[in-house]
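J.: To start, I am sharing the structure in question, which I have written as structure tokens.
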Amino acid sequence: MNVAKSGYRVFSANSTPACTELSKKITERLGVELGKSVVYQESNRETRVEIKESVRGQTIFIIQTIPRDVNTAIMELLIMAYALKTSCAKNIIGVIPYFPYSKQCKMRKRGSIVCKLLASMLAKAGLTHLITMDLNAIIVAKSPSAAKRAQSYAERLRLGLAVMHGEAQCSESDMADGRHSPPCVRNTIGHPGLELPCKQQAPFPGIELPIMMAKEKPPITVVGDVGGRIAIIVDDIIDDVEDFVAAAEILKERGAYKIYIMATHGLLSADAPRLIEESAIDEVVVTNTVPHEVQKLQCPKIKTVDVSMILAEAIRRIHNGESMAYLFRNITVDD
């Protein structure tokens, strides 16, 4: 299929093997050629992007996987989007299977919503739409907040549902932040010589205030029967795996036959491969939205599923103005 017939072009935002391979798989399924561009780092580590063909009046899809150097990948995407915008592309759609900084999507402590900042930067650079991925499904929810996602997946597969409840104690840095309530106060009268850990004085002299103890988090428990069954935990990202390992241990103690982890994006940072290999987890299944070849060599339990078919179909449907909801309702088991 040539450009005139398709009406759109597909570009790869970097030249890493993972991004190039995924881009080629997508374009092969679409029957189009990969757009001609050059993306490289100069000697001073600045990113340079050159578009080698006309894109005037066309709809452009930019495919970008996120390697370990997240910030460089973001700059590649921003610069390419802006280069296409200034080259008079009609629409510029980012195909970013793993959206970087997605874990920083909520206000926490005195931080910021970095995910919102990045979205604004991409829009300013010229992106008109964005395609990203998340598995909206789960069988064993590793926290009550994931129960809704768990129910959706369980109903679709007609399987049972279990929910992990409770969590590990927070770190000392979190406790020192000062936002954990209630703080303990010192009693100003009534027990002379009693030493209390806090030095705060009562606001009104002569009034006794009770000592407020910090809340204790409940231990991890399982709501639901997993005995003799295959337990599957599904999440959007698997990066630091301590929570998954702890959940797997609890499920194994409760009699789970096998334990699988399914995640859309396999970041698997630090010692994740080693921890998985030494844990009760039988297999970790992730997609090829993020490069993780090194981690697979370190841990044979890690398996990869190709998502080029889903992304290619999403591109085709967006270009033709077809329903995206149909795509997710009608993915077959073979696909």
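Every chain in the structure tokens has a letter given in the order shown (A, B, ...), and although residue numbers restart at 1 in each chain, ligands are simply numbered from 1 in the order shown.
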Show me, as a tab-separated table (two decimals) with C-alpha atoms, in the first residue's frame, the residues that have an atom within 12 Å of range 316-326 of chain A when counting only C-alpha atoms, minus same-chain residues fewer than 2 positions from it.
T.:
chain	number	residue	atom	x	y	z
A	6	SER	CA	-3.18	4.91	2.69
A	7	GLY	CA	-3.22	8.64	3.38
A	8	TYR	CA	-0.98	8.31	6.42
A	9	ARG	CA	2.62	7.59	7.33
A	10	VAL	CA	4.23	5.75	10.23
A	26	ILE	CA	3.21	-2.68	12.84
A	27	THR	CA	3.90	-1.37	9.32
A	29	ARG	CA	0.53	-5.58	9.38
A	30	LEU	CA	-0.75	-2.28	7.98
A	31	GLY	CA	0.81	-2.84	4.58
A	32	VAL	CA	2.68	0.48	4.54
A	58	GLN	CA	-0.83	13.80	5.90
A	59	THR	CA	-1.78	12.03	9.10
A	60	ILE	CA	1.38	10.89	10.87
A	61	PHE	CA	1.76	8.16	13.49
A	90	LYS	CA	-2.27	17.40	9.13
A	91	ASN	CA	-2.51	15.24	12.27
A	92	ILE	CA	0.27	13.87	14.47
A	93	ILE	CA	-0.64	10.86	16.61
A	94	GLY	CA	1.77	9.41	19.14
A	95	VAL	CA	1.84	5.62	19.53
A	128	THR	CA	-3.16	15.76	18.38
A	129	HIS	CA	-3.91	12.24	19.70
A	130	LEU	CA	-2.19	9.60	21.76
A	131	ILE	CA	-2.36	5.79	21.70
A	309	MET	CA	-1.40	-6.46	16.08
A	310	ILE	CA	-3.37	-4.39	18.58
A	311	LEU	CA	-1.40	-1.22	17.84
A	312	ALA	CA	-1.66	-1.70	14.08
A	313	GLU	CA	-5.43	-2.19	14.30
A	314	ALA	CA	-5.72	0.88	16.54
A	328	PHE	CA	-11.15	-4.26	22.72
A	329	ARG	CA	-14.43	-6.18	22.72
A	330	ASN	CA	-13.50	-8.43	19.83
A	331	ILE	CA	-9.88	-9.49	20.31
A	332	THR	CA	-9.83	-13.25	19.87
J.: Among range 20-144 of chain A, which residues carry a DSSP assignment of alpha helix (DSSP H), reported as a ChimeraX atom specification?
T.: /A:20-30,70-86,114-125
J.: Could you name the residues that touch Glu283 in chain A at 9 Å or less, counting only C-alpha atoms, but leaving out those on the same chain fewer than 5 positions away, as a ChimeraX atom specification?
T.: /A:258-262,276,300-303
J.: So which one's closest to Glu21 in chain A, A:Thr86, A:Ser308, A:Ser54, A:Gln104? Using only C-alpha atoms, please.
T.: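 Closest residue, counting only C-alpha atoms: A:Ser308.
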J.: Using only C-alpha atoms, which protein or nucleic acid residues come within 8 Å of Ile250 in chain A? Drop anything in the same chain fewer than 2 positions from it, and give the result as a ChimeraX atom specification.
T.: /A:220-222,246-248,252-254
J.: So that I have them on file, write out the residues from the current selection with all heavy atoms, as a JSON list (two decimals), in the first residue's frame.
T.:
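Produced file result.json, reproduced below:
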[["chain", "number", "residue", "atom", "x", "y", "z"],
["A", 220, "ILE", "N", -1.18, -8.17, 55.29],
["A", 220, "ILE", "CA", -1.71, -8.60, 54.00],
["A", 220, "ILE", "C", -2.54, -9.86, 54.18],
["A", 220, "ILE", "O", -2.10, -10.84, 54.78],
["A", 220, "ILE", "CB", -0.58, -8.87, 53.01],
["A", 220, "ILE", "CG1", 0.23, -7.58, 52.78],
["A", 220, "ILE", "CG2", -1.11, -9.39, 51.69],
["A", 220, "ILE", "CD1", 1.41, -7.77, 51.86],
["A", 221, "THR", "N", -3.78, -9.81, 53.69],
["A", 221, "THR", "CA", -4.67, -10.97, 53.73],
["A", 221, "THR", "C", -5.30, -11.15, 52.35],
["A", 221, "THR", "O", -5.18, -10.30, 51.48],
["A", 221, "THR", "CB", -5.77, -10.78, 54.79],
["A", 221, "THR", "OG1", -6.50, -9.58, 54.49],
["A", 221, "THR", "CG2", -5.18, -10.68, 56.19],
["A", 222, "VAL", "N", -6.00, -12.27, 52.17],
["A", 222, "VAL", "CA", -6.65, -12.57, 50.91],
["A", 222, "VAL", "C", -8.15, -12.71, 51.14],
["A", 222, "VAL", "O", -8.57, -13.48, 52.00],
["A", 222, "VAL", "CB", -6.11, -13.86, 50.27],
["A", 222, "VAL", "CG1", -6.80, -14.14, 48.94],
["A", 222, "VAL", "CG2", -4.61, -13.75, 50.07],
["A", 246, "ALA", "N", 5.63, -10.46, 47.62],
["A", 246, "ALA", "CA", 4.91, -10.63, 48.88],
["A", 246, "ALA", "C", 3.51, -11.20, 48.63],
["A", 246, "ALA", "O", 3.05, -12.08, 49.37],
["A", 246, "ALA", "CB", 4.81, -9.29, 49.60],
["A", 247, "ALA", "N", 2.84, -10.72, 47.60],
["A", 247, "ALA", "CA", 1.51, -11.24, 47.28],
["A", 247, "ALA", "C", 1.57, -12.70, 46.88],
["A", 247, "ALA", "O", 0.71, -13.50, 47.26],
["A", 247, "ALA", "CB", 0.89, -10.41, 46.14],
["A", 248, "ALA", "N", 2.61, -13.07, 46.12],
["A", 248, "ALA", "CA", 2.76, -14.47, 45.70],
["A", 248, "ALA", "C", 2.97, -15.38, 46.90],
["A", 248, "ALA", "O", 2.45, -16.50, 46.94],
["A", 248, "ALA", "CB", 3.92, -14.59, 44.72],
["A", 252, "LYS", "N", 0.54, -18.43, 47.87],
["A", 252, "LYS", "CA", 1.07, -19.80, 48.00],
["A", 252, "LYS", "C", 0.71, -20.38, 49.36],
["A", 252, "LYS", "O", 0.35, -21.57, 49.46],
["A", 252, "LYS", "CB", 2.58, -19.77, 47.81],
["A", 252, "LYS", "CG", 3.24, -21.14, 47.85],
["A", 252, "LYS", "CD", 2.77, -22.04, 46.71],
["A", 252, "LYS", "CE", 3.33, -21.56, 45.38],
["A", 252, "LYS", "NZ", 3.01, -22.52, 44.28],
["A", 253, "GLU", "N", 0.79, -19.56, 50.40],
["A", 253, "GLU", "CA", 0.40, -20.03, 51.74],
["A", 253, "GLU", "C", -1.08, -20.38, 51.79],
["A", 253, "GLU", "O", -1.48, -21.27, 52.55],
["A", 253, "GLU", "CB", 0.72, -18.95, 52.77],
["A", 253, "GLU", "CG", 2.21, -18.71, 52.98],
["A", 253, "GLU", "CD", 2.48, -17.57, 53.94],
["A", 253, "GLU", "OE1", 1.48, -16.97, 54.43],
["A", 253, "GLU", "OE2", 3.65, -17.26, 54.19],
["A", 254, "ARG", "N", -1.88, -19.69, 51.00],
["A", 254, "ARG", "CA", -3.32, -19.96, 50.97],
["A", 254, "ARG", "C", -3.67, -21.13, 50.06],
["A", 254, "ARG", "O", -4.84, -21.42, 49.86],
["A", 254, "ARG", "CB", -4.08, -18.72, 50.53],
["A", 254, "ARG", "CG", -4.06, -17.59, 51.56],
["A", 254, "ARG", "CD", -4.76, -17.99, 52.84],
["A", 254, "ARG", "NE", -4.85, -16.91, 53.77],
["A", 254, "ARG", "CZ", -5.90, -16.10, 53.89],
["A", 254, "ARG", "NH1", -6.95, -16.27, 53.11],
["A", 254, "ARG", "NH2", -5.91, -15.14, 54.78]]
J.: With only C-alpha atoms as the counted atoms, please give the residues lying no more than 9 Å from Leu275 in chain A, apart from itself and same-chain residues fewer than 3 positions off, as a list in words.
T.: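 Final neighbour list, sorted by chain and number: Val241, Glu242, Val245, Asp271, Ala272, Glu278 and Ser279 of chain A.
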